[in-house]
>>> print(open('protein.cif').read())   # mmCIF, C-alpha atoms
data_model
loop_
_atom_site.label_atom_id
_atom_site.label_comp_id
_atom_site.auth_asym_id
_atom_site.auth_seq_id
_atom_site.Cartn_x
_atom_site.Cartn_y
_atom_site.Cartn_z
CA MET A 1 73.76 -11.19 98.21
CA ASN A 2 75.69 -7.90 98.13
CA LYS A 3 79.36 -8.34 97.21
CA GLY A 4 80.51 -6.26 100.15
CA VAL A 5 78.50 -8.39 102.58
CA VAL A 6 79.99 -11.59 101.14
CA SER A 7 83.49 -10.16 101.54
CA LYS A 8 82.86 -9.34 105.19
CA ILE A 9 81.51 -12.85 105.87
CA LEU A 10 84.55 -14.43 104.24
CA LEU A 11 86.89 -12.26 106.26
CA ILE A 12 85.14 -13.14 109.51
CA LEU A 13 85.28 -16.84 108.70
CA ALA A 14 88.92 -16.53 107.70
CA GLY A 15 89.74 -14.89 111.00
CA ALA A 16 88.08 -17.75 112.82
CA GLY A 17 89.92 -20.36 110.73
CA VAL A 18 86.64 -21.76 109.38
CA SER A 19 86.10 -23.16 105.88
CA ALA A 20 83.07 -21.87 103.99
CA CYS A 21 82.07 -24.26 101.18
CA GLY A 22 85.75 -24.91 100.50
CA LEU A 23 86.48 -21.24 99.68
CA LEU A 24 88.64 -20.71 102.74
CA GLY A 25 91.03 -23.17 104.25
CA LEU A 26 93.23 -23.33 107.28
CA GLY A 27 96.26 -22.79 105.06
CA GLY A 28 95.72 -20.23 102.32
CA ASN A 29 97.53 -16.97 101.75
CA LYS A 30 98.98 -14.89 104.53
CA GLY A 31 95.97 -12.59 104.49
CA GLY A 32 93.50 -15.47 104.69
CA ASP A 33 91.76 -14.51 101.43
CA GLN A 34 92.88 -17.53 99.29
CA GLY A 35 93.94 -15.11 96.57
CA GLU A 36 90.42 -13.75 96.12
CA LEU A 37 89.62 -10.05 95.70
CA VAL A 38 87.82 -9.28 98.97
CA GLY A 39 89.06 -5.75 99.69
CA VAL A 40 91.26 -4.41 102.47
CA PRO A 41 89.96 -5.31 105.95
CA GLY A 42 89.65 -2.87 108.82
CA ARG A 43 88.19 0.05 106.85
CA GLU A 44 84.57 -0.36 107.92
CA GLY A 45 82.82 2.00 110.30
CA TRP A 46 82.78 5.31 108.41
CA VAL A 47 79.78 7.46 109.34
CA MET A 48 79.16 10.85 107.72
CA THR A 49 78.40 12.76 110.89
CA ILE A 50 76.93 16.26 110.93
CA PRO A 51 79.59 18.70 112.17
CA PHE A 52 78.65 20.83 115.17
CA GLY A 53 76.90 24.05 114.15
CA MET A 54 76.10 22.83 110.64
CA VAL A 55 72.89 21.67 108.97
CA PRO A 56 72.57 19.14 106.12
CA ILE A 57 71.53 20.44 102.71
CA PRO A 58 70.01 17.69 100.53
CA SER A 59 70.98 17.30 96.90
CA GLY A 60 68.55 18.62 94.34
CA THR A 61 67.92 20.74 91.28
CA PHE A 62 66.88 24.40 91.13
CA HIS A 63 66.74 27.34 88.75
CA MET A 64 69.77 29.49 89.48
CA GLY A 65 69.41 33.14 88.65
CA GLN A 66 67.29 36.20 89.26
CA ALA A 67 63.85 35.32 90.59
CA ASP A 68 62.09 38.68 90.40
CA GLU A 69 63.97 41.45 88.58
CA ASP A 70 64.11 41.61 84.78
CA PRO A 71 67.10 39.48 83.69
CA ALA A 72 66.33 40.08 80.02
CA SER A 73 66.97 43.76 80.60
CA THR A 74 70.00 43.51 82.86
CA GLN A 75 71.46 40.49 81.01
CA ILE A 76 73.44 39.60 84.12
CA ASN A 77 71.66 36.65 85.70
CA PHE A 78 69.45 34.55 83.44
CA ASN A 79 67.82 31.51 85.00
CA LYS A 80 69.56 28.18 84.50
CA GLN A 81 68.64 24.75 85.85
CA VAL A 82 71.45 23.50 88.09
CA THR A 83 71.92 20.35 90.17
CA ILE A 84 73.71 20.47 93.51
CA GLY A 85 75.14 17.52 95.45
CA SER A 86 74.40 17.18 99.15
CA PHE A 87 76.59 19.11 101.57
CA PHE A 88 76.58 20.71 105.00
CA MET A 89 76.56 24.42 105.79
CA ASP A 90 76.98 26.48 108.96
CA ASP A 91 73.55 27.42 110.24
CA THR A 92 74.79 30.94 110.99
CA GLU A 93 77.55 33.21 109.83
CA ILE A 94 80.84 32.67 111.70
CA THR A 95 80.59 34.75 114.85
CA ASN A 96 83.18 36.93 116.56
CA ASN A 97 83.57 34.38 119.35
CA GLU A 98 83.99 31.47 116.94
CA TYR A 99 86.61 33.42 115.00
CA ARG A 100 88.29 34.28 118.31
CA GLN A 101 88.92 30.57 118.92
CA PHE A 102 90.84 30.65 115.64
CA THR A 103 92.86 33.79 116.50
CA ASN A 104 93.61 32.62 120.04
CA PHE A 105 95.00 29.35 118.69
CA PHE A 106 97.80 31.29 116.97
CA LEU A 107 98.18 34.41 119.13
CA VAL A 108 97.47 33.17 122.66
CA ASP A 109 97.90 29.39 122.75
CA ASN A 110 100.77 29.20 120.23
CA GLY A 111 99.11 26.03 119.03
CA SER A 112 100.33 23.64 116.39
CA ILE A 113 98.78 20.72 114.49
CA GLU A 114 100.80 17.92 112.95
CA GLY A 115 100.84 18.28 109.18
CA PHE A 116 99.31 21.76 109.22
CA GLU A 117 101.60 24.59 108.18
CA THR A 118 101.24 27.24 110.86
CA VAL A 119 102.12 30.95 110.65
CA ASP A 120 103.97 33.19 113.03
CA ALA A 121 102.06 35.68 115.17
CA GLU A 122 103.07 38.79 113.22
CA THR A 123 102.09 37.30 109.86
CA PHE A 124 98.81 36.14 111.34
CA ARG A 125 97.97 39.63 112.62
CA GLN A 126 98.68 41.19 109.25
CA LYS A 127 96.81 38.65 107.12
CA TYR A 128 94.07 37.03 109.18
CA TYR A 129 93.17 39.18 112.19
CA PRO A 130 89.90 41.12 111.67
CA ASP A 131 90.41 44.61 110.30
CA THR A 132 88.43 46.61 112.84
CA ALA A 133 89.37 49.91 111.13
CA ALA A 134 86.91 49.00 108.36
CA TRP A 135 84.11 50.43 110.51
CA VAL A 136 85.64 53.89 110.08
CA ARG A 137 87.21 53.52 106.64
CA ASP A 138 84.19 52.12 104.75
CA PHE A 139 81.85 55.05 105.34
CA ALA A 140 82.66 58.72 104.77
CA HIS A 141 81.91 61.13 107.63
CA HIS A 142 80.78 58.34 109.94
CA MET A 143 81.37 58.17 113.69
CA GLY A 144 82.55 54.59 113.59
CA ASP A 145 85.11 54.79 116.38
CA PRO A 146 82.92 53.28 119.14
CA ILE A 147 81.99 50.17 117.16
CA GLN A 148 85.54 49.91 115.81
CA ASP A 149 86.87 49.86 119.37
CA TYR A 150 84.44 47.25 120.73
CA TYR A 151 82.93 45.14 117.94
CA TYR A 152 85.45 42.32 117.77
CA TRP A 153 86.88 41.98 121.25
CA HIS A 154 84.03 42.92 123.64
CA PRO A 155 81.84 40.04 124.93
CA GLY A 156 78.77 42.13 124.12
CA TYR A 157 79.43 41.33 120.45
CA ASP A 158 80.39 37.66 120.83
CA ASP A 159 77.32 36.40 118.96
CA TYR A 160 77.56 38.94 116.15
CA PRO A 161 79.01 37.88 112.78
CA VAL A 162 82.71 38.51 112.32
CA VAL A 163 83.55 41.13 109.67
CA GLY A 164 86.72 42.77 108.41
CA VAL A 165 88.15 39.48 107.09
CA ASN A 166 89.12 39.14 103.44
CA TRP A 167 88.58 36.12 101.20
CA ASP A 168 91.99 34.62 101.94
CA ALA A 169 91.37 34.84 105.69
CA ALA A 170 88.04 33.04 105.30
CA VAL A 171 89.74 30.29 103.28
CA PHE A 172 92.56 29.92 105.82
CA PHE A 173 89.99 29.71 108.62
CA GLY A 174 88.43 26.72 106.84
CA GLN A 175 91.82 25.05 106.44
CA TRP A 176 92.58 25.50 110.15
CA ARG A 177 89.10 24.28 111.13
CA THR A 178 89.64 21.14 109.05
CA ALA A 179 93.04 20.41 110.59
CA TYR A 180 91.75 21.16 114.10
CA LEU A 181 88.85 18.70 113.82
CA ASN A 182 90.79 15.95 112.07
CA ASP A 183 93.65 16.20 114.55
CA TYR A 184 91.18 15.24 117.27
CA ARG A 185 89.57 12.52 115.13
CA LYS A 186 92.99 11.02 114.47
CA SER A 187 93.70 10.93 118.21
CA VAL A 188 90.61 8.76 118.81
CA GLY A 189 91.13 6.53 115.76
CA ASP A 190 88.44 7.99 113.50
CA PHE A 191 88.74 8.58 109.76
CA PRO A 192 89.26 12.24 108.76
CA MET A 193 86.31 14.39 107.76
CA PRO A 194 86.30 16.26 104.43
CA ALA A 195 87.55 19.83 104.34
CA PHE A 196 85.67 22.88 105.56
CA ARG A 197 85.56 25.48 102.79
CA LEU A 198 83.61 28.42 101.47
CA PRO A 199 80.42 27.44 99.62
CA SER A 200 80.36 27.80 95.87
CA GLU A 201 78.05 30.49 94.54
CA ALA A 202 75.61 27.85 93.29
CA GLU A 203 75.64 26.03 96.63
CA TRP A 204 75.05 29.30 98.44
CA GLU A 205 72.06 30.25 96.28
CA TYR A 206 70.59 26.74 96.43
CA ALA A 207 70.87 26.71 100.23
CA ALA A 208 69.50 30.26 100.54
CA ARG A 209 66.29 29.28 98.74
CA GLY A 210 65.68 26.54 101.31
CA GLY A 211 64.07 24.21 98.82
CA ARG A 212 61.79 26.91 97.40
CA ASP A 213 62.66 27.03 93.71
CA MET A 214 62.42 30.52 92.20
CA ALA A 215 61.95 32.07 95.65
CA LYS A 216 62.76 35.78 95.72
CA TYR A 217 63.88 35.67 99.36
CA PRO A 218 64.90 32.77 101.64
CA TRP A 219 61.47 32.94 103.29
CA GLY A 220 59.62 32.90 99.95
CA ASN A 221 57.85 35.69 98.09
CA PRO A 222 57.46 38.59 97.77
CA TYR A 223 57.59 40.75 100.91
CA ILE A 224 60.23 41.81 103.42
CA ARG A 225 57.78 42.08 106.35
CA ASN A 226 55.63 39.39 107.90
CA SER A 227 51.88 39.66 108.54
CA LYS A 228 52.54 41.56 111.78
CA GLY A 229 54.65 44.17 110.02
CA CYS A 230 57.97 42.93 111.41
CA MET A 231 61.06 42.93 109.22
CA LEU A 232 62.28 39.49 108.15
CA ALA A 233 65.96 40.43 107.85
CA ASN A 234 68.53 43.02 108.91
CA PHE A 235 69.10 45.49 106.06
CA LYS A 236 68.52 49.14 105.08
CA PRO A 237 64.78 49.73 104.71
CA GLY A 238 63.55 52.73 102.79
CA ARG A 239 66.03 55.51 102.16
CA GLY A 240 68.02 55.08 105.34
CA ASN A 241 65.76 53.94 108.20
CA PHE A 242 68.42 51.52 109.43
CA TYR A 243 66.77 50.86 112.78
CA ASP A 244 63.41 49.86 111.32
CA ASP A 245 64.50 46.21 111.47
CA GLY A 246 65.59 46.49 115.12
CA PHE A 247 69.33 47.00 114.66
CA ALA A 248 71.33 50.00 113.49
CA TYR A 249 74.32 47.91 112.42
CA SER A 250 74.67 44.12 112.28
CA SER A 251 72.58 41.92 114.56
CA PRO A 252 73.30 38.84 116.68
CA VAL A 253 73.03 35.67 114.63
CA GLN A 254 69.65 33.88 114.84
CA SER A 255 67.80 37.16 115.42
CA TYR A 256 65.40 36.37 112.57
CA PHE A 257 63.58 33.23 111.45
CA PRO A 258 65.62 30.59 109.56
CA ASN A 259 64.70 29.33 106.11
CA ASP A 260 63.31 25.85 105.50
CA TYR A 261 66.79 24.28 105.66
CA GLY A 262 67.42 25.81 109.10
CA LEU A 263 69.84 28.49 107.87
CA TYR A 264 69.82 31.91 109.50
CA ASP A 265 70.64 35.28 107.91
CA MET A 266 71.02 34.05 104.35
CA SER A 267 69.63 37.48 103.54
CA GLY A 268 70.90 40.51 105.40
CA ASN A 269 73.02 40.98 108.53
CA VAL A 270 76.36 40.62 106.71
CA SER A 271 77.14 39.67 103.13
CA GLU A 272 79.07 36.43 102.65
CA TRP A 273 82.14 35.39 100.67
CA CYS A 274 81.71 32.57 98.15
CA LEU A 275 84.29 30.32 96.54
CA ASP A 276 83.81 31.51 92.95
CA ASP A 277 85.52 34.23 90.97
CA PHE A 278 83.06 36.84 89.74
CA ASN A 279 82.07 37.16 86.11
CA PRO A 280 78.80 38.86 85.11
CA ALA A 281 78.29 36.17 82.45
CA SER A 282 79.39 33.13 84.45
CA VAL A 283 75.95 31.56 85.00
CA PRO A 284 75.45 30.50 81.35
CA THR A 285 79.15 29.59 81.15
CA VAL A 286 79.51 27.09 83.99
CA TRP A 287 78.44 23.44 83.97
CA ASP A 288 74.99 22.57 85.31
CA LEU A 289 76.21 20.07 87.96
CA ASN A 290 77.95 21.55 91.03
CA PRO A 291 79.23 24.57 89.06
CA GLN A 292 82.12 26.77 90.14
CA TYR A 293 83.52 29.60 88.05
CA ILE A 294 87.32 30.06 88.10
CA ASP A 295 88.67 33.07 86.21
CA PRO A 296 91.69 31.87 84.19
CA ARG A 297 93.15 35.39 84.26
CA THR A 298 93.52 35.27 88.07
CA ASN A 299 94.52 31.61 88.32
CA PRO A 300 98.34 31.27 88.49
CA GLU A 301 98.08 27.74 87.06
CA SER A 302 96.32 28.94 83.92
CA ALA A 303 98.06 29.85 80.66
CA LYS A 304 95.84 32.96 80.59
CA TYR A 305 97.02 34.16 84.01
CA ASN A 306 97.54 37.91 84.18
CA PRO A 307 98.92 39.26 87.48
CA ARG A 308 97.62 42.74 86.62
CA VAL A 309 93.99 41.57 86.77
CA PRO A 310 92.69 42.09 90.33
CA PRO A 311 90.84 38.98 91.54
CA LYS A 312 87.12 39.54 92.20
CA LYS A 313 85.22 37.10 94.40
CA VAL A 314 81.47 36.57 94.55
CA VAL A 315 79.67 38.09 97.54
CA ARG A 316 76.09 37.09 98.27
CA GLY A 317 73.18 37.81 100.59
CA GLY A 318 73.24 41.54 101.20
CA SER A 319 74.03 43.17 104.54
CA TRP A 320 72.81 45.54 107.21
CA LYS A 321 73.80 48.52 105.05
CA ASP A 322 72.19 47.29 101.77
CA VAL A 323 68.75 47.93 100.28
CA ALA A 324 66.34 45.02 99.76
CA TYR A 325 67.46 44.28 96.20
CA TYR A 326 70.71 42.80 97.51
CA LEU A 327 68.78 40.50 99.85
CA GLU A 328 67.25 38.59 96.93
CA THR A 329 68.47 35.03 96.48
CA GLY A 330 69.43 35.66 92.86
CA THR A 331 71.24 38.97 93.22
CA ARG A 332 74.95 38.78 92.44
CA THR A 333 77.71 41.14 93.44
CA TYR A 334 81.44 40.99 94.17
CA GLU A 335 84.35 42.37 96.12
CA PHE A 336 88.10 42.25 95.54
CA LYS A 337 89.47 39.23 97.38
CA ASP A 338 91.98 41.24 99.44
CA SER A 339 89.33 43.70 100.67
CA THR A 340 88.18 43.83 104.28
CA ARG A 341 84.74 45.31 104.82
CA ALA A 342 82.57 46.10 107.83
CA TYR A 343 79.66 44.36 106.13
CA ILE A 344 81.20 41.14 104.71
CA GLY A 345 81.57 37.92 106.69
CA PHE A 346 81.33 34.26 105.77
CA ARG A 347 80.12 30.80 106.69
CA CYS A 348 81.62 27.41 105.86
CA ALA A 349 80.39 24.46 103.82
CA LEU A 350 81.49 20.83 103.84
CA THR A 351 80.93 18.19 101.17
CA HIS A 352 78.83 15.14 102.03
CA LEU A 353 80.80 11.96 101.27
CA GLY A 354 79.04 8.96 99.80
CA ARG A 355 75.37 8.30 99.35
CA SER A 356 73.02 9.79 101.90
CA SER A 357 70.82 7.57 104.03
CA GLY A 358 68.17 10.23 103.76
CA GLN A 359 67.80 10.46 107.52
CA GLU A 360 70.11 13.48 107.79
CA PHE A 361 67.67 15.58 105.82
#
>>> encode(input="protein.cif", output="structure tokens")
Amino acid sequence: MNKGVVSKILLILAGAGVSACGLLGLGGNKGGDQGELVGVPGREGWVMTIPFGMVPIPSGTFHMGQADEDPASTQINFNKQVTIGSFFMDDTEITNNEYRQFTNFFLVDNGSIEGFETVDAETFRQKYYPDTAAWVRDFAHHMGDPIQDYYYWHPGYDDYPVVGVNWDAAVFFGQWRTAYLNDYRKSVGDFPMPAFRLPSEAEWEYAARGGRDMAKYPWGNPYIRNSKGCMLANFKPGRGNFYDDGFAYSSPVQSYFPNDYGLYDMSGNVSEWCLDDFNPASVPTVWDLNPQYIDPRTNPESAKYNPRVPPKKVVRGGSWKDVAYYLETGTRTYEFKDSTRAYIGFRCALTHLGRSSGQEF
């Protein structure tokens, strides 16, 4: 019989004051365990639930790297077999309205969570509020004022992905989201959930492929239109026919078909921040199990830390303003972590704790 099951039986019998084959008596130690190692009672009942708005990504192995272009020529993204543990990921990019719940918590509700270090309203506006001016600043000679004025706050854009947030803002959003959920779980006596965070670059690519190893795009290979001639993502077709996919700028989330994991817009719409630092040679450098590249030059805890080196973070997926090459699952690019762009958003991931039952997937 399983050791854990035996322990539970002994604890139940001890609580009832019953002797089981002489192992437990009416006297015994204060805890009723007769000095035996039976574990700490009262910790049963943990269930790894699927957070709202997320989908489970099963563990597996895939070939990370360029799936179609010539990596031998570019020498930037050779294929490498990588194993990824199971996790959860937001089925869409974080929307304006979801991000507004975050901003309203600090700027409207003046909320606080026990154990979570909050920030004052002015600091929040400077560091974490979406930079709507990016719509004008990012593109030379562009009439971006109308979308700058309405994109974030107007209800007509509620279901569009939030943009104009830098890497630090995306990370802080995940920290707040974790504290917000676990504050509620604590109030009802549940164990805390693991932390919401940005996905690693390897997790992002693995999830984008949707279980299709070596797939050029999340929907497979090799085209960007379906059999009816409709575009399969929001990007920049041709030499500038932005509206050929149905949207001049970004599109509402879930406007296109999801991949086989149920994830929307893993290619196109807006590019997405990842957890990793960018290095063009990081793929052959990192470990082949749940890899994450951390640049020692930009890590204050490293002996090689150099404050003059600007931190670069991985950006994946391509956006509404990018050509099809950037939509490929293996294409890598970056942005400086303090940059706010009109075409970069994010989605969260969450680590699966313990062994999966298999039913989630």
>>> closest_residue(input="protein.cif", among="A:Tyr129, A:Tyr305, A:Trp320, A:Tyr334", to="Asn241 (chain A)", atoms="only C-alpha atoms")
A:Trp320
>>> closest_residue(input="protein.cif", among="A:Gly240, A:Pro300, A:Gly220, A:Pro307", to="Lys321 (chain A)", atoms="only C-alpha atoms")
A:Gly240
>>> atom_distance(input="protein.cif", atom1="CA of Gln148 (chain A)", atom2="CA of Asn269 (chain A)")
17.0 Å
>>> resolve_selection(input="protein.cif", expression="the PyMOL selection byres ((chain A and resi 183-193) around 9)", output="PyMOL selection string")
chain A and resi 45-46+48-49+113-114+178-182+194-196+350+353
>>> closest_residue(input="protein.cif", among="A:Pro280, A:Gly229, A:Pro311, A:Gly60", to="Asp295 (chain A)", atoms="only C-alpha atoms")
A:Pro311
>>> residues_around(input="protein.cif", residues="Thr340 (chain A)", least_positions_apart="4", cutoff="7 Å", atoms="all atoms listed in the file", output="number ranges by chain")
A: 131, 134, 164-166
>>> closest_residue(input="protein.cif", among="A:Ala169, A:Ala324, A:Met143, A:Val162", to="Glu98 (chain A)", atoms="only C-alpha atoms")
A:Val162
>>> resolve_selection(input="protein.cif", expression="the PyMOL selection byres ((chain A and resi 135) around 10)", output="PyMOL selection string")
chain A and resi 131-134+136-139+142-149+151+163-164+340-343
>>> atom_distance(input="protein.cif", atom1="CA of Pro130 (chain A)", atom2="CA of Ala170 (chain A)")
10.5 Å
>>> residues_around(input="protein.cif", residues="Leu198 (chain A)", least_positions_apart="4", cutoff="7 Å", atoms="only C-alpha atoms", output="PDB file with C-alpha atoms, in the coordinates of the input")
ATOM      1  CA  VAL A 171      89.740  30.290 103.280  1.00  0.00           C
ATOM      2  CA  CYS A 274      81.710  32.570  98.150  1.00  0.00           C
ATOM      3  CA  LEU A 275      84.290  30.320  96.540  1.00  0.00           C
ATOM      4  CA  ARG A 347      80.120  30.800 106.690  1.00  0.00           C
ATOM      5  CA  CYS A 348      81.620  27.410 105.860  1.00  0.00           C
ATOM      6  CA  ALA A 349      80.390  24.460 103.820  1.00  0.00           C
TER       7      ALA A 349
END
>>> closest_residue(input="protein.cif", among="A:His352, A:Arg316, A:Lys216, A:Arg177", to="Val270 (chain A)", atoms="only C-alpha atoms")
A:Arg316
>>> decode(input="protein.cif", residues="region 216-229 of chain A", atoms="N, CA, C and O atoms", output="compact mmCIF listing (two decimals), in the first residue's frame")
# COMPACT_ATOMS: atom_id res chain seq x y z
N LYS A 216 6.45 25.98 -38.87
CA LYS A 216 6.89 27.33 -39.23
C LYS A 216 6.02 28.39 -38.56
O LYS A 216 6.52 29.43 -38.10
N TYR A 217 4.72 28.14 -38.54
CA TYR A 217 3.76 29.05 -37.91
C TYR A 217 2.94 28.27 -36.88
O TYR A 217 2.91 27.03 -36.91
N PRO A 218 2.25 28.94 -35.97
CA PRO A 218 1.43 28.23 -34.98
C PRO A 218 0.37 27.32 -35.60
O PRO A 218 -0.06 26.35 -34.97
N TRP A 219 -0.07 27.65 -36.81
CA TRP A 219 -1.08 26.82 -37.47
C TRP A 219 -0.46 25.74 -38.34
O TRP A 219 -1.18 24.98 -38.98
N GLY A 220 0.85 25.66 -38.41
CA GLY A 220 1.52 24.64 -39.21
C GLY A 220 2.35 25.27 -40.31
O GLY A 220 2.93 26.33 -40.15
N ASN A 221 2.41 24.61 -41.44
CA ASN A 221 3.23 25.07 -42.57
C ASN A 221 2.38 25.12 -43.83
O ASN A 221 1.38 24.43 -43.94
N PRO A 222 2.86 25.83 -44.85
CA PRO A 222 3.89 26.87 -44.79
C PRO A 222 3.31 28.23 -45.15
O PRO A 222 4.04 29.15 -45.45
N TYR A 223 1.95 28.34 -45.17
CA TYR A 223 1.32 29.52 -45.75
C TYR A 223 0.74 30.45 -44.68
O TYR A 223 0.53 30.05 -43.54
N ILE A 224 0.47 31.70 -45.10
CA ILE A 224 -0.11 32.67 -44.18
C ILE A 224 -1.57 32.97 -44.52
O ILE A 224 -2.19 33.81 -43.90
N ARG A 225 -2.12 32.25 -45.51
CA ARG A 225 -3.54 32.31 -45.85
C ARG A 225 -4.13 30.91 -45.79
O ARG A 225 -3.43 29.93 -46.02
N ASN A 226 -5.41 30.83 -45.50
CA ASN A 226 -6.06 29.53 -45.53
C ASN A 226 -6.56 29.22 -46.94
O ASN A 226 -6.30 29.98 -47.88
N SER A 227 -7.28 28.12 -47.11
CA SER A 227 -7.71 27.68 -48.43
C SER A 227 -8.70 28.64 -49.08
O SER A 227 -8.90 28.60 -50.29
N LYS A 228 -9.31 29.50 -48.28
CA LYS A 228 -10.26 30.49 -48.81
C LYS A 228 -9.59 31.83 -49.11
O LYS A 228 -10.27 32.78 -49.50
N GLY A 229 -8.29 31.90 -48.87
CA GLY A 229 -7.56 33.13 -49.14
C GLY A 229 -7.55 34.13 -48.00
O GLY A 229 -7.08 35.25 -48.17
